[in-house]
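Pasting target.txt here (compact mmCIF, C-alpha atoms and all ligand atoms):
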# COMPACT_ATOMS: atom_id res chain seq x y z
CA MET A 240 57.79 71.14 6.41
CA LYS A 241 55.05 68.51 6.43
CA LEU A 242 53.60 67.71 9.84
CA LEU A 243 51.17 65.01 10.79
CA VAL A 244 48.93 65.74 13.80
CA LEU A 245 47.38 62.76 15.60
CA PRO A 246 45.08 64.17 18.31
CA GLY A 247 44.62 60.93 20.31
CA ASP A 248 42.27 60.21 23.20
CA GLY A 249 40.94 62.02 26.27
CA ILE A 250 42.26 65.59 26.37
CA GLY A 251 44.26 64.85 23.18
CA PRO A 252 41.90 66.60 20.71
CA GLU A 253 41.67 69.70 22.94
CA ILE A 254 45.41 70.16 23.49
CA ALA A 255 46.16 69.22 19.85
CA ALA A 256 43.80 71.99 18.63
CA ALA A 257 45.59 74.51 20.88
CA THR A 258 48.95 73.26 19.57
CA VAL A 259 47.81 73.65 15.95
CA ALA A 260 46.79 77.26 16.70
CA VAL A 261 50.33 77.90 18.00
CA LEU A 262 51.97 76.14 15.04
CA ASN A 263 49.86 78.22 12.63
CA ALA A 264 51.01 81.39 14.39
CA ALA A 265 54.67 80.30 14.16
CA ASN A 266 54.16 79.41 10.51
CA GLU A 267 52.73 82.86 9.75
CA ARG A 268 55.39 84.71 11.72
CA PHE A 269 58.46 82.79 10.50
CA GLY A 270 57.31 81.80 7.00
CA LEU A 271 57.88 78.11 7.65
CA GLY A 272 55.75 76.73 4.81
CA LEU A 273 54.15 74.26 7.21
CA THR A 274 51.52 71.90 5.88
CA LEU A 275 49.52 70.15 8.55
CA SER A 276 47.46 67.04 8.04
CA SER A 277 45.51 65.19 10.70
CA HIS A 278 44.35 61.59 11.19
CA GLU A 279 42.16 59.84 13.70
CA ILE A 280 43.89 57.36 16.03
CA GLY A 281 42.99 55.81 19.37
CA LEU A 282 39.51 54.90 20.53
CA ALA A 283 37.86 56.97 17.77
CA ALA A 284 39.77 55.01 15.10
CA LEU A 285 39.02 51.74 16.89
CA ARG A 286 35.30 52.48 16.55
CA THR A 287 35.44 53.46 12.88
CA GLN A 288 38.34 51.36 11.55
CA GLY A 289 38.74 48.51 14.02
CA THR A 290 42.21 49.54 15.18
CA THR A 291 43.67 52.31 17.33
CA LEU A 292 46.49 52.76 14.80
CA PRO A 293 45.34 52.27 11.17
CA ASP A 294 47.98 51.34 8.57
CA THR A 295 47.12 54.53 6.66
CA VAL A 296 48.34 56.56 9.66
CA VAL A 297 51.63 54.65 9.82
CA ALA A 298 52.13 55.24 6.08
CA ALA A 299 51.26 58.93 6.50
CA ALA A 300 53.78 59.21 9.38
CA ALA A 301 56.54 57.72 7.23
CA ALA A 302 55.88 60.36 4.55
CA VAL A 303 56.12 63.54 6.69
CA ASP A 304 58.94 65.49 8.32
CA GLY A 305 57.52 65.21 11.83
CA VAL A 306 54.61 63.94 13.87
CA VAL A 307 52.69 65.63 16.70
CA LEU A 308 51.25 62.74 18.68
CA GLY A 309 48.54 63.47 21.22
CA PRO A 310 48.22 61.35 24.36
CA VAL A 311 46.32 58.09 24.15
CA SER A 312 44.21 56.08 26.61
CA HIS A 313 45.89 52.80 25.86
CA TYR A 314 45.24 51.45 29.35
CA ASP A 315 41.66 51.10 28.05
CA TYR A 316 42.65 49.54 24.71
CA PRO A 317 41.70 45.95 23.89
CA PRO A 318 44.48 43.41 23.20
CA ALA A 319 46.48 43.87 19.99
CA ALA A 320 44.57 41.03 18.31
CA GLN A 321 41.41 43.12 18.71
CA GLY A 322 42.97 46.30 17.35
CA GLY A 323 44.48 47.83 20.48
CA ILE A 324 47.86 49.10 19.32
CA ASN A 325 49.77 51.51 21.59
CA PRO A 326 50.86 54.29 19.20
CA SER A 327 53.67 55.54 21.50
CA ALA A 328 55.41 52.20 21.63
CA PHE A 329 54.66 51.50 17.98
CA PHE A 330 56.27 54.71 16.70
CA ARG A 331 59.24 54.41 19.02
CA THR A 332 60.05 50.84 18.03
CA ARG A 333 59.00 50.89 14.33
CA PHE A 334 60.88 54.11 13.56
CA ALA A 335 63.80 53.38 15.94
CA LEU A 336 63.21 56.51 18.01
CA GLY A 337 65.90 55.61 20.50
CA ALA A 338 66.07 58.84 22.51
CA ASN A 339 63.09 60.33 24.29
CA ILE A 340 64.20 63.84 25.26
CA ARG A 341 62.33 65.37 28.22
CA PRO A 342 63.39 68.74 29.63
CA ALA A 343 62.19 70.12 32.98
CA ARG A 344 62.81 73.70 34.06
CA GLY A 345 61.60 75.66 37.07
CA ARG A 346 59.72 78.86 36.26
CA PRO A 347 59.14 81.69 38.75
CA GLY A 348 55.90 81.25 40.66
CA LEU A 349 55.35 77.73 39.36
CA SER A 350 58.12 75.61 40.84
CA LEU A 351 59.22 75.61 44.47
CA LEU A 352 62.68 74.71 43.16
CA GLY A 353 62.95 77.86 41.03
CA ASP A 354 65.94 78.00 38.72
CA ARG A 355 67.69 75.22 40.68
CA LEU A 356 65.76 72.87 38.39
CA ASP A 357 67.05 72.94 34.81
CA LEU A 358 67.67 69.49 33.41
CA VAL A 359 66.93 67.19 30.50
CA ILE A 360 66.10 63.52 30.87
CA VAL A 361 67.25 61.47 27.89
CA ARG A 362 65.34 58.25 28.13
CA GLU A 363 65.92 55.14 26.05
CA GLY A 364 62.67 54.66 24.14
CA THR A 365 62.55 51.21 22.63
CA GLU A 366 63.66 48.63 25.20
CA GLY A 367 63.71 47.83 28.92
CA PHE A 368 60.55 46.40 30.42
CA TYR A 369 58.59 48.14 27.67
CA ALA A 370 60.27 46.32 24.76
CA ASP A 371 58.08 45.23 21.89
CA ARG A 372 54.82 45.84 23.68
CA ASN A 373 52.85 45.74 20.46
CA MET A 374 54.86 43.10 18.71
CA TYR A 375 54.02 39.96 20.64
CA ALA A 376 50.99 38.85 22.59
CA GLY A 377 51.75 39.51 26.23
CA ALA A 378 54.13 42.32 25.37
CA GLY A 379 57.23 40.74 26.88
CA GLU A 380 55.24 39.41 29.82
CA PHE A 381 54.41 35.78 30.45
CA MET A 382 52.24 33.83 32.88
CA PRO A 383 53.46 30.23 33.21
CA ASP A 384 50.53 29.72 35.59
CA PRO A 385 47.72 32.05 36.72
CA ASP A 386 49.57 32.99 39.93
CA THR A 387 52.99 33.69 38.41
CA ALA A 388 53.92 36.50 36.03
CA LEU A 389 57.30 37.10 34.41
CA ALA A 390 58.39 40.31 32.67
CA VAL A 391 61.37 40.33 30.33
CA ARG A 392 63.62 43.37 30.29
CA LYS A 393 65.60 43.80 27.10
CA ILE A 394 68.80 45.89 27.10
CA THR A 395 71.15 45.97 24.12
CA ALA A 396 74.49 47.67 23.70
CA ALA A 397 73.31 49.27 20.43
CA ALA A 398 70.31 50.97 22.03
CA CYS A 399 72.36 52.07 25.06
CA ARG A 400 74.97 53.55 22.73
CA ARG A 401 72.33 55.39 20.72
CA VAL A 402 70.76 57.02 23.78
CA ALA A 403 74.13 57.74 25.40
CA VAL A 404 75.40 59.52 22.30
CA ALA A 405 72.20 61.61 22.24
CA ALA A 406 72.76 62.55 25.89
CA PHE A 407 76.43 63.48 25.50
CA GLU A 408 75.75 65.51 22.35
CA LEU A 409 73.03 67.40 24.21
CA ALA A 410 75.27 67.98 27.23
CA ARG A 411 77.85 69.65 24.99
CA ASN A 412 75.35 72.44 24.38
CA ARG A 413 74.43 72.69 28.07
CA ARG A 414 76.41 72.47 31.34
CA ARG A 415 78.47 69.49 30.13
CA ARG A 416 77.36 67.09 32.85
CA VAL A 417 75.76 63.72 32.21
CA THR A 418 74.35 61.58 35.03
CA ALA A 419 73.70 57.93 34.23
CA VAL A 420 70.78 56.75 36.34
CA HIS A 421 70.66 52.98 36.87
CA LYS A 422 69.99 50.11 39.25
CA ALA A 423 73.12 48.09 38.49
CA ASN A 424 73.43 47.18 42.17
CA VAL A 425 70.46 44.82 41.63
CA LEU A 426 70.03 44.50 37.86
CA LYS A 427 73.69 43.61 37.54
CA LEU A 428 73.67 42.25 33.99
CA SER A 429 71.16 44.53 32.26
CA ASP A 430 71.96 47.84 33.96
CA GLY A 431 75.56 46.67 34.13
CA LEU A 432 75.54 46.56 30.33
CA PHE A 433 73.89 49.98 30.18
CA LEU A 434 76.59 51.47 32.44
CA ARG A 435 79.42 49.77 30.53
CA VAL A 436 78.23 51.33 27.26
CA VAL A 437 77.60 54.77 28.79
CA ARG A 438 81.17 54.75 30.15
CA GLU A 439 82.52 53.75 26.71
CA VAL A 440 80.63 56.64 25.10
CA ALA A 441 81.77 59.02 27.87
CA ALA A 442 85.38 58.26 26.98
CA ARG A 443 84.73 59.85 23.57
CA TYR A 444 83.53 63.07 25.27
CA PRO A 445 86.40 64.15 27.55
CA ASP A 446 84.85 67.63 27.76
CA VAL A 447 81.71 66.22 29.44
CA THR A 448 81.68 64.88 33.02
CA LEU A 449 79.93 61.58 33.73
CA ASN A 450 78.38 60.82 37.12
CA GLU A 451 76.50 57.68 38.07
CA VAL A 452 73.55 57.65 40.49
CA ILE A 453 71.34 54.72 41.53
CA VAL A 454 67.73 55.35 40.53
CA ASP A 455 66.07 55.45 43.96
CA ALA A 456 68.65 57.93 45.21
CA ALA A 457 68.17 59.90 41.99
CA ALA A 458 64.43 60.18 42.72
CA ALA A 459 65.27 61.74 46.10
CA LEU A 460 68.11 63.93 44.85
CA LEU A 461 65.90 65.38 42.13
CA ILE A 462 63.92 66.98 44.93
CA ARG A 463 66.74 67.72 47.38
CA SER A 464 69.50 68.89 45.00
CA PRO A 465 68.09 69.36 41.49
CA GLU A 466 71.02 71.61 40.55
CA ARG A 467 73.35 68.62 40.44
CA PHE A 468 71.53 67.31 37.36
CA ASP A 469 72.11 68.67 33.86
CA VAL A 470 71.50 65.78 31.44
CA ILE A 471 70.22 62.49 32.83
CA VAL A 472 70.60 59.40 30.66
CA THR A 473 68.65 56.34 31.67
CA THR A 474 66.76 53.26 30.59
CA ASN A 475 63.14 53.28 29.46
CA MET A 476 61.08 52.74 32.61
CA PHE A 477 63.28 54.76 34.97
CA GLY A 478 63.11 57.63 32.47
CA ASP A 479 59.34 57.30 32.22
CA ILE A 480 58.93 57.62 35.98
CA LEU A 481 61.61 60.23 36.66
CA SER A 482 60.36 62.46 33.83
CA ASP A 483 56.90 62.65 35.41
CA GLU A 484 58.58 63.50 38.72
CA ALA A 485 60.76 66.20 37.13
CA SER A 486 57.80 67.61 35.24
CA GLU A 487 55.75 67.83 38.43
CA LEU A 488 58.69 69.50 40.20
CA SER A 489 58.74 72.10 37.43
CA GLY A 490 55.16 73.01 38.30
CA GLY A 491 52.95 70.29 36.87
CA LEU A 492 52.62 67.36 34.50
CA GLY A 493 51.06 69.68 31.93
CA LEU A 494 54.34 71.56 31.46
CA GLY A 495 56.74 68.92 30.18
CA GLY A 496 57.64 68.96 26.50
CA SER A 497 59.05 65.82 24.93
CA ILE A 498 60.34 64.52 21.61
CA ASN A 499 61.17 60.99 20.49
CA VAL A 500 64.15 61.17 18.17
CA GLY A 501 65.63 58.72 15.69
CA ASP A 502 68.12 59.14 12.87
CA ALA A 503 65.56 60.53 10.44
CA MET A 504 62.35 61.02 12.35
CA CYS A 505 61.00 62.98 15.28
CA VAL A 506 57.71 62.49 17.10
CA ALA A 507 56.59 65.27 19.46
CA GLN A 508 54.55 63.97 22.34
CA ALA A 509 53.37 65.41 25.65
CA GLN A 510 54.97 63.80 28.70
CA HIS A 511 51.62 63.17 30.32
CA GLY A 512 48.73 60.87 29.41
CA SER A 513 45.20 61.40 28.13
CA ALA A 514 43.88 62.67 31.51
CA PRO A 515 40.43 61.08 31.13
CA ASP A 516 39.38 62.63 34.46
CA ILE A 517 39.30 66.11 32.89
CA ALA A 518 38.67 65.28 29.21
CA GLY A 519 36.01 67.24 27.31
CA GLN A 520 35.89 70.12 29.80
CA GLY A 521 38.20 72.51 27.97
CA ILE A 522 40.40 72.92 31.06
CA ALA A 523 43.48 70.82 30.21
CA ASN A 524 46.87 72.49 30.08
CA PRO A 525 48.06 72.48 26.45
CA VAL A 526 51.63 73.62 27.28
CA SER A 527 53.23 70.17 27.31
CA LEU A 528 52.18 69.40 23.74
CA ILE A 529 52.90 72.96 22.60
CA LEU A 530 56.47 72.78 23.99
CA SER A 531 56.85 69.35 22.39
CA ALA A 532 55.89 70.86 19.02
CA ALA A 533 58.44 73.65 19.62
CA MET A 534 61.13 71.02 20.25
CA LEU A 535 60.11 69.28 17.02
CA LEU A 536 60.53 72.51 15.02
CA GLU A 537 63.98 73.07 16.58
CA TRP A 538 64.99 69.48 15.85
CA HIS A 539 63.91 69.91 12.21
CA GLY A 540 65.78 73.22 11.97
CA ARG A 541 68.99 71.58 13.19
CA ALA A 542 68.54 68.50 11.00
CA THR A 543 67.98 70.59 7.86
CA ASN A 544 70.25 73.47 8.84
CA ASP A 545 67.34 75.91 8.52
CA GLY A 546 67.48 78.62 11.18
CA ARG A 547 63.84 79.64 10.68
CA PHE A 548 62.66 76.49 12.44
CA VAL A 549 65.10 76.91 15.32
CA ASP A 550 63.95 80.53 15.70
CA ALA A 551 60.29 79.46 15.56
CA GLY A 552 60.80 76.77 18.22
CA ARG A 553 62.56 79.22 20.52
CA ALA A 554 59.88 81.85 19.94
CA ILE A 555 57.21 79.36 21.02
CA GLU A 556 59.18 78.60 24.19
CA ARG A 557 59.52 82.31 24.98
CA ALA A 558 55.81 82.87 24.31
CA VAL A 559 55.00 80.00 26.70
CA ASP A 560 57.26 81.54 29.37
CA ALA A 561 55.59 84.94 28.91
CA THR A 562 52.13 83.38 29.12
CA LEU A 563 52.94 81.40 32.27
CA ALA A 564 54.66 84.36 33.95
CA ASP A 565 51.23 85.97 34.41
CA PRO A 566 48.79 83.94 36.55
CA VAL A 567 46.08 84.98 34.05
CA GLY A 568 47.74 82.72 31.46
CA ARG A 569 47.67 79.62 33.69
CA THR A 570 45.23 76.73 33.44
CA LEU A 571 43.43 75.16 36.42
CA ASP A 572 46.20 72.64 37.21
CA LEU A 573 48.56 75.60 37.76
CA GLY A 574 46.11 77.48 39.97
CA GLY A 575 44.73 79.64 37.14
CA ALA A 576 41.41 79.73 35.34
CA ILE A 577 42.14 80.08 31.62
CA GLY A 578 40.77 77.35 29.34
CA THR A 579 42.76 75.16 26.95
CA ALA A 580 41.82 76.98 23.74
CA ALA A 581 42.27 80.46 25.25
CA CYS A 582 45.71 79.48 26.59
CA GLY A 583 46.73 78.35 23.09
CA GLN A 584 45.36 81.58 21.58
CA LEU A 585 47.30 83.67 24.09
CA ILE A 586 50.56 81.92 23.22
CA ALA A 587 49.76 82.23 19.49
CA ARG A 588 49.05 85.95 19.85
CA ILE A 589 52.35 86.59 21.65
CA ILE A 590 54.22 84.79 18.86
CA LYS A 591 52.51 86.88 16.19
CA GLU A 592 52.86 90.22 18.02
CA THR A 593 56.40 89.99 19.37
CA ILE A 594 58.93 91.74 17.21
N1 LIG A 601 52.09 59.27 25.95
C1 LIG A 601 50.90 58.81 26.21
O1 LIG A 601 50.09 58.71 25.31
C2 LIG A 601 50.55 58.44 27.60
C3 LIG A 601 51.36 58.77 28.69
C4 LIG A 601 50.97 58.43 29.97
C5 LIG A 601 49.76 57.78 30.18
N2 LIG A 601 48.98 57.45 29.10
C6 LIG A 601 47.66 56.86 29.26
O2 LIG A 601 46.78 57.90 29.69
C7 LIG A 601 45.71 57.35 30.46
C8 LIG A 601 45.60 58.08 31.79
O3 LIG A 601 46.76 57.84 32.56
P1 LIG A 601 47.06 58.52 33.97
O4 LIG A 601 45.80 59.06 34.53
O5 LIG A 601 47.88 57.59 34.73
O6 LIG A 601 48.07 59.73 33.63
P2 LIG A 601 47.78 61.18 33.05
O7 LIG A 601 49.09 61.78 32.77
O8 LIG A 601 46.81 61.13 31.94
O9 LIG A 601 47.08 61.97 34.26
C9 LIG A 601 47.62 62.03 35.56
C10 LIG A 601 47.01 63.24 36.32
O10 LIG A 601 47.55 64.45 35.77
C11 LIG A 601 46.54 65.27 35.22
N3 LIG A 601 47.01 65.84 33.94
C12 LIG A 601 47.74 65.18 33.00
N4 LIG A 601 47.95 65.98 31.96
C13 LIG A 601 47.35 67.15 32.23
C14 LIG A 601 47.21 68.37 31.52
N5 LIG A 601 47.75 68.54 30.31
N6 LIG A 601 46.52 69.38 32.10
C15 LIG A 601 45.99 69.23 33.32
N7 LIG A 601 46.07 68.11 34.04
C16 LIG A 601 46.75 67.07 33.50
C17 LIG A 601 45.32 64.37 35.01
O11 LIG A 601 44.12 65.10 35.07
C18 LIG A 601 45.50 63.36 36.13
O12 LIG A 601 44.93 63.84 37.32
C19 LIG A 601 46.04 55.85 30.59
O13 LIG A 601 45.30 55.15 29.61
C20 LIG A 601 47.52 55.78 30.31
O14 LIG A 601 47.92 54.53 29.83
C21 LIG A 601 49.34 57.78 27.83
C1 LIG A 602 51.75 55.32 28.61
C2 LIG A 602 53.07 54.82 28.16
C3 LIG A 602 52.93 53.90 26.98
C4 LIG A 602 54.03 55.90 27.77
C5 LIG A 602 55.36 55.22 27.66
O1 LIG A 602 56.13 55.19 28.57
O2 LIG A 602 55.67 54.69 26.63
C6 LIG A 602 54.03 57.07 28.72
O3 LIG A 602 54.08 56.73 30.04
C7 LIG A 602 55.08 58.07 28.37
O4 LIG A 602 55.72 58.58 29.29
O5 LIG A 602 55.26 58.35 27.19
MG MG A 603 55.06 58.28 31.17
Could you quickly redo this structure as structure tokens?
Amino acid sequence: MKLLVLPGDGIGPEIAAATVAVLNAANERFGLGLTLSSHEIGLAALRTQGTTLPDTVVAAAAAVDGVVLGPVSHYDYPPAAQGGINPSAFFRTRFALGANIRPARGRPGLSLLGDRLDLVIVREGTEGFYADRNMYAGAGEFMPDPDTALAVRKITAAACRRVAVAAFELARNRRRRVTAVHKANVLKLSDGLFLRVVREVAARYPDVTLNEVIVDAAAALLIRSPERFDVIVTTNMFGDILSDEASELSGGLGLGGSINVGDAMCVAQAQHGSAPDIAGQGIANPVSLILSAAMLLEWHGRATNDGRFVDAGRAIERAVDATLADPVGRTLDLGGAIGTAACGQLIARIIKETI
């Protein structure tokens, strides 16, 4: 399997190095034949190549079996005309990565919700208020005069169908419950279309129950009654916000794995951002990107029907659980003291040593 690693900005290079250590351990242990290549993106690439996402990187991504994308500081990027391309949005739209899959699970000692929290948010990745952010100047936003701003929200039946199918397929391997999270009481046409399509897809999955919850209530219920959620399917921005909430409820933003999935491509990406406030200190939690890489291996294993990759992905998840079970294995954000690299090495060692 060929993997492309794009470290990104802020804490990206630190957590990407820890993730590579874990991938190398999984490669050794499971004989995966992984080849890893790495390219500069983000602010480093802007300085040397005039763009945060060089064409060579896009070509390299199209030629591999999976991408590990570090977080980027795109809030600090210049406009697209001056080279500021948001890699997340670019990959999701260019490679039609319609489903952003974001699990959240309570672990003992880390989440007040304990095992009541065990859900997956399946977030539409290419549309909503975030549609075509790199494609047009203004990124779907317009200012007819300096005191008025308009934002266009794009919802299509095709994209809703794609993400709904991903959610129902996932639910079949879980507790068989899908909750559609929406705001159709206000966004009657756009979220109305989303709900219409989710219901159409639900009719093809009689073995899976569909519930519908309005997004603000969902934000509250995630805290009050997390056990009622199994798979959440939702539009882009609601999924962006709720996945940070769910990740924090699981113990911290640094814990949430995430993959962006299309028909033939998968991009692993931490749920959080580039955390510039702690960059360069060696204290960031690498678990989110490590779990994302584990999800990527499992996705590849399923897509190619190769059990070694599924086993390797699961072994990484178990090694993460074992590491986090002991406060010694926890980074600062989780109340521990271990550094980023040492945390990655601990997880790598468990993978190599566990029979
Ligand atoms: N996928 C992405 O690349 C992505 C996602 C979100 C935000 N961003 C970008 O990241 C930059 C910073 O955004 P932000 O500060 O709003 O969000 P953030 O997720 O980077 O950080 C929010 C808070 O969580 C902490 N945190 C995040 N990840 C952590 C980790 N792994 N270990 C320990 N602590 C962690 C940070 O220190 C910070 O206090 C912005 O430029 C934003 O646009 C990128
Ligand atoms: C920073 C932003 C571009 C990104 C997104 O939503 O696309 C992020 O918030 C995420 O959750 O992946
Ligand atoms: Mg986000």
request  = List every protein, DNA or RNA residue with an atom no more than 12 Å from (51.5, 67.6, 26.8) in the file's coordinates, counting all atoms listed in the file, and format the result as JSON, numbers by chain.
outcome  = {"A": [246, 247, 249, 250, 251, 252, 253, 254, 255, 257, 258, 307, 308, 309, 310, 311, 341, 483, 486, 491, 492, 493, 494, 495, 496, 497, 498, 507, 508, 509, 510, 511, 512, 513, 514, 523, 524, 525, 526, 527, 528, 529, 530, 531, 532, 533, 579]}
inquiry  = Taking (66.1, 76.6, 8.2) in the coordinates of the supplied file, I want to know which residues reach to within 12 Å of it, counting only C-alpha atoms; could you give the answer as an MDAnalysis selection string?
reply    = chainID A and resid 240 269:272 536:552
Shell of 6 Å around ligand LIG 602 (chain A) (all atoms listed in the file), written as a list in words = Ser327, Ala328, Asp479 and Gln510 of chain A
Adding 5 Å on each side of the box along x, y and z that holds all listed atoms of segment 306-323 of chain A, could you give its centre and edge lengths in Å to one decimal, as lines of an AutoDock Vina configuration file?
center_x = 48.0
center_y = 53.3
center_z = 21.6
size_x = 23.2
size_y = 34.6
size_z = 25.5
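Across the model, the gap from atom CA of Val452 of chain A to atom CA of Ala388 of chain A is 29.2 Å.
Contact shell of Gly322 of chain A at 12 Å (all atoms listed in the file; same-chain neighbours under 5 positions omitted): Ile280, Gly281, Leu282, Ala283, Ala284, Leu285, Arg286, Thr287, Gln288, Gly289, Thr290, Thr291, Leu292, Pro293, Asp294, His313, Asp315, Tyr316, Pro317 and Asn373 of chain A.
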So which residues touch Asp469 of chain A within 8 Å, counting all atoms listed in the file, skipping near sequence neighbours fewer than 6 positions away, as an mmCIF file with C-alpha atoms, keeping the file's coordinate frame?
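What ended up in part.cif:
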data_model
loop_
_atom_site.group_PDB
_atom_site.id
_atom_site.type_symbol
_atom_site.label_atom_id
_atom_site.label_comp_id
_atom_site.auth_asym_id
_atom_site.auth_seq_id
_atom_site.Cartn_x
_atom_site.Cartn_y
_atom_site.Cartn_z
ATOM 1 C CA ASP A 357 67.050 72.940 34.810
ATOM 2 C CA LEU A 358 67.670 69.490 33.410
ATOM 3 C CA VAL A 359 66.930 67.190 30.500
ATOM 4 C CA ALA A 410 75.270 67.980 27.230
ATOM 5 C CA ARG A 413 74.430 72.690 28.070
ATOM 6 C CA ARG A 414 76.410 72.470 31.340
ATOM 7 C CA ARG A 415 78.470 69.490 30.130
ATOM 8 C CA ARG A 416 77.360 67.090 32.850
ATOM 9 C CA VAL A 417 75.760 63.720 32.210
ATOM 10 C CA THR A 418 74.350 61.580 35.030
#
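Taking atom CA of Gly501 of chain A and atom CA of Phe477 of chain A as endpoints, the distance between them is 19.8 Å.
Restricting the calculation to only C-alpha atoms and all ligand atoms, the smallest distance between ligand MG 603 (chain A) and any of A:Glu451, A:Asp386, A:Glu366, A:Glu484 is found for A:Glu484.
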key: Among the residues A:Ala300, A:Asn450, A:Val506, A:Ala396, the one that comes closest to Leu336 of chain A [using only C-alpha atoms]   =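 With only C-alpha atoms as the atom set, the closest residue is A:Val506.
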ask   = Contacts of Asp560 of chain A at 12 Å or less, counting only C-alpha atoms, minus same-chain residues fewer than 3 places along, as number ranges by chain?
value = A: 344-349, 494, 526, 529-530, 553-557, 563-566, 568-569, 585-586, 589-590
query = Which is closer to Val420 of chain A than all the others in A:Asp572, A:Asp455, A:Glu487, A:Glu380, using only C-alpha atoms?
reply =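 The answer is A:Asp455, which sits nearest to Val420 of chain A.
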inquiry  = Report as a ChimeraX atom specification all protein, DNA and RNA residues lying within 9 Å of Leu481 of chain A, evaluated on all atoms listed in the file, omitting residues in the same chain fewer than 3 positions from it.
reply    = /A:360,454,457-458,461,476-478,484-486
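Nearest residue to ligand LIG 601 (chain A) among A:Gly519, A:Gly367, A:Pro342, A:Pro326 is A:Pro326, counting all atoms listed in the file.
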note = Restricting to only C-alpha atoms, whichever of A:Leu434, A:Val261, A:Leu245, A:Ala319 is closest to Ala299 of chain A is A:Leu245
task = Using atom CA of Gly379 of chain A and atom CA of Val391 of chain A as the two end points, give the distance in Å to one decimal.
result =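 A separation of 5.4 Å between them.
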message = as a VMD selection string, please: the residues near Ala298 of chain A (cut-off 12 Å, all atoms listed in the file, same-chain neighbours under 5 positions excluded).
response = chain A and resid 243 278 292 to 293 303 306 330 333 to 334
ask   = With distances taken over all atoms listed in the file, which of A:Asp304, A:Arg331, A:His421, A:Glu408 is nearest to Arg443 of chain A?
value =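 So, comparing all the options, the nearest one is A:Glu408.
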Provide segment 446-458 of chain A rebuilt to N, CA and C atoms, formatted as a PDB file, keeping the file's coordinate frame.
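Printed below is out-v4.pdb as written:
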ATOM      1  N   ASP A 446      85.293  66.307  27.307  1.00  0.00           N
ATOM      2  CA  ASP A 446      84.850  67.630  27.760  1.00  0.00           C
ATOM      3  C   ASP A 446      83.548  67.562  28.560  1.00  0.00           C
ATOM      4  N   VAL A 447      82.971  66.378  28.694  1.00  0.00           N
ATOM      5  CA  VAL A 447      81.710  66.220  29.440  1.00  0.00           C
ATOM      6  C   VAL A 447      81.969  65.293  30.626  1.00  0.00           C
ATOM      7  N   THR A 448      81.486  65.700  31.817  1.00  0.00           N
ATOM      8  CA  THR A 448      81.680  64.880  33.020  1.00  0.00           C
ATOM      9  C   THR A 448      80.565  63.852  33.147  1.00  0.00           C
ATOM     10  N   LEU A 449      80.938  62.624  33.485  1.00  0.00           N
ATOM     11  CA  LEU A 449      79.930  61.580  33.730  1.00  0.00           C
ATOM     12  C   LEU A 449      79.862  61.266  35.223  1.00  0.00           C
ATOM     13  N   ASN A 450      78.637  61.307  35.764  1.00  0.00           N
ATOM     14  CA  ASN A 450      78.380  60.820  37.120  1.00  0.00           C
ATOM     15  C   ASN A 450      77.426  59.645  37.027  1.00  0.00           C
ATOM     16  N   GLU A 451      77.425  58.815  38.056  1.00  0.00           N
ATOM     17  CA  GLU A 451      76.500  57.680  38.070  1.00  0.00           C
ATOM     18  C   GLU A 451      75.716  57.710  39.378  1.00  0.00           C
ATOM     19  N   VAL A 452      74.400  57.608  39.286  1.00  0.00           N
ATOM     20  CA  VAL A 452      73.550  57.650  40.490  1.00  0.00           C
ATOM     21  C   VAL A 452      72.529  56.515  40.392  1.00  0.00           C
ATOM     22  N   ILE A 453      72.325  55.809  41.491  1.00  0.00           N
ATOM     23  CA  ILE A 453      71.340  54.720  41.530  1.00  0.00           C
ATOM     24  C   ILE A 453      69.929  55.323  41.563  1.00  0.00           C
ATOM     25  N   VAL A 454      68.999  54.693  40.875  1.00  0.00           N
ATOM     26  CA  VAL A 454      67.730  55.350  40.530  1.00  0.00           C
ATOM     27  C   VAL A 454      66.917  55.805  41.740  1.00  0.00           C
ATOM     28  N   ASP A 455      66.885  55.019  42.819  1.00  0.00           N
ATOM     29  CA  ASP A 455      66.070  55.450  43.960  1.00  0.00           C
ATOM     30  C   ASP A 455      66.674  56.691  44.608  1.00  0.00           C
ATOM     31  N   ALA A 456      67.997  56.720  44.690  1.00  0.00           N
ATOM     32  CA  ALA A 456      68.650  57.930  45.210  1.00  0.00           C
ATOM     33  C   ALA A 456      68.403  59.106  44.267  1.00  0.00           C
ATOM     34  N   ALA A 457      68.403  58.814  42.968  1.00  0.00           N
ATOM     35  CA  ALA A 457      68.170  59.900  41.990  1.00  0.00           C
ATOM     36  C   ALA A 457      66.784  60.517  42.199  1.00  0.00           C
ATOM     37  N   ALA A 458      65.800  59.667  42.506  1.00  0.00           N
ATOM     38  CA  ALA A 458      64.430  60.180  42.720  1.00  0.00           C
ATOM     39  C   ALA A 458      64.417  61.155  43.895  1.00  0.00           C
TER      40      ALA A 458
END
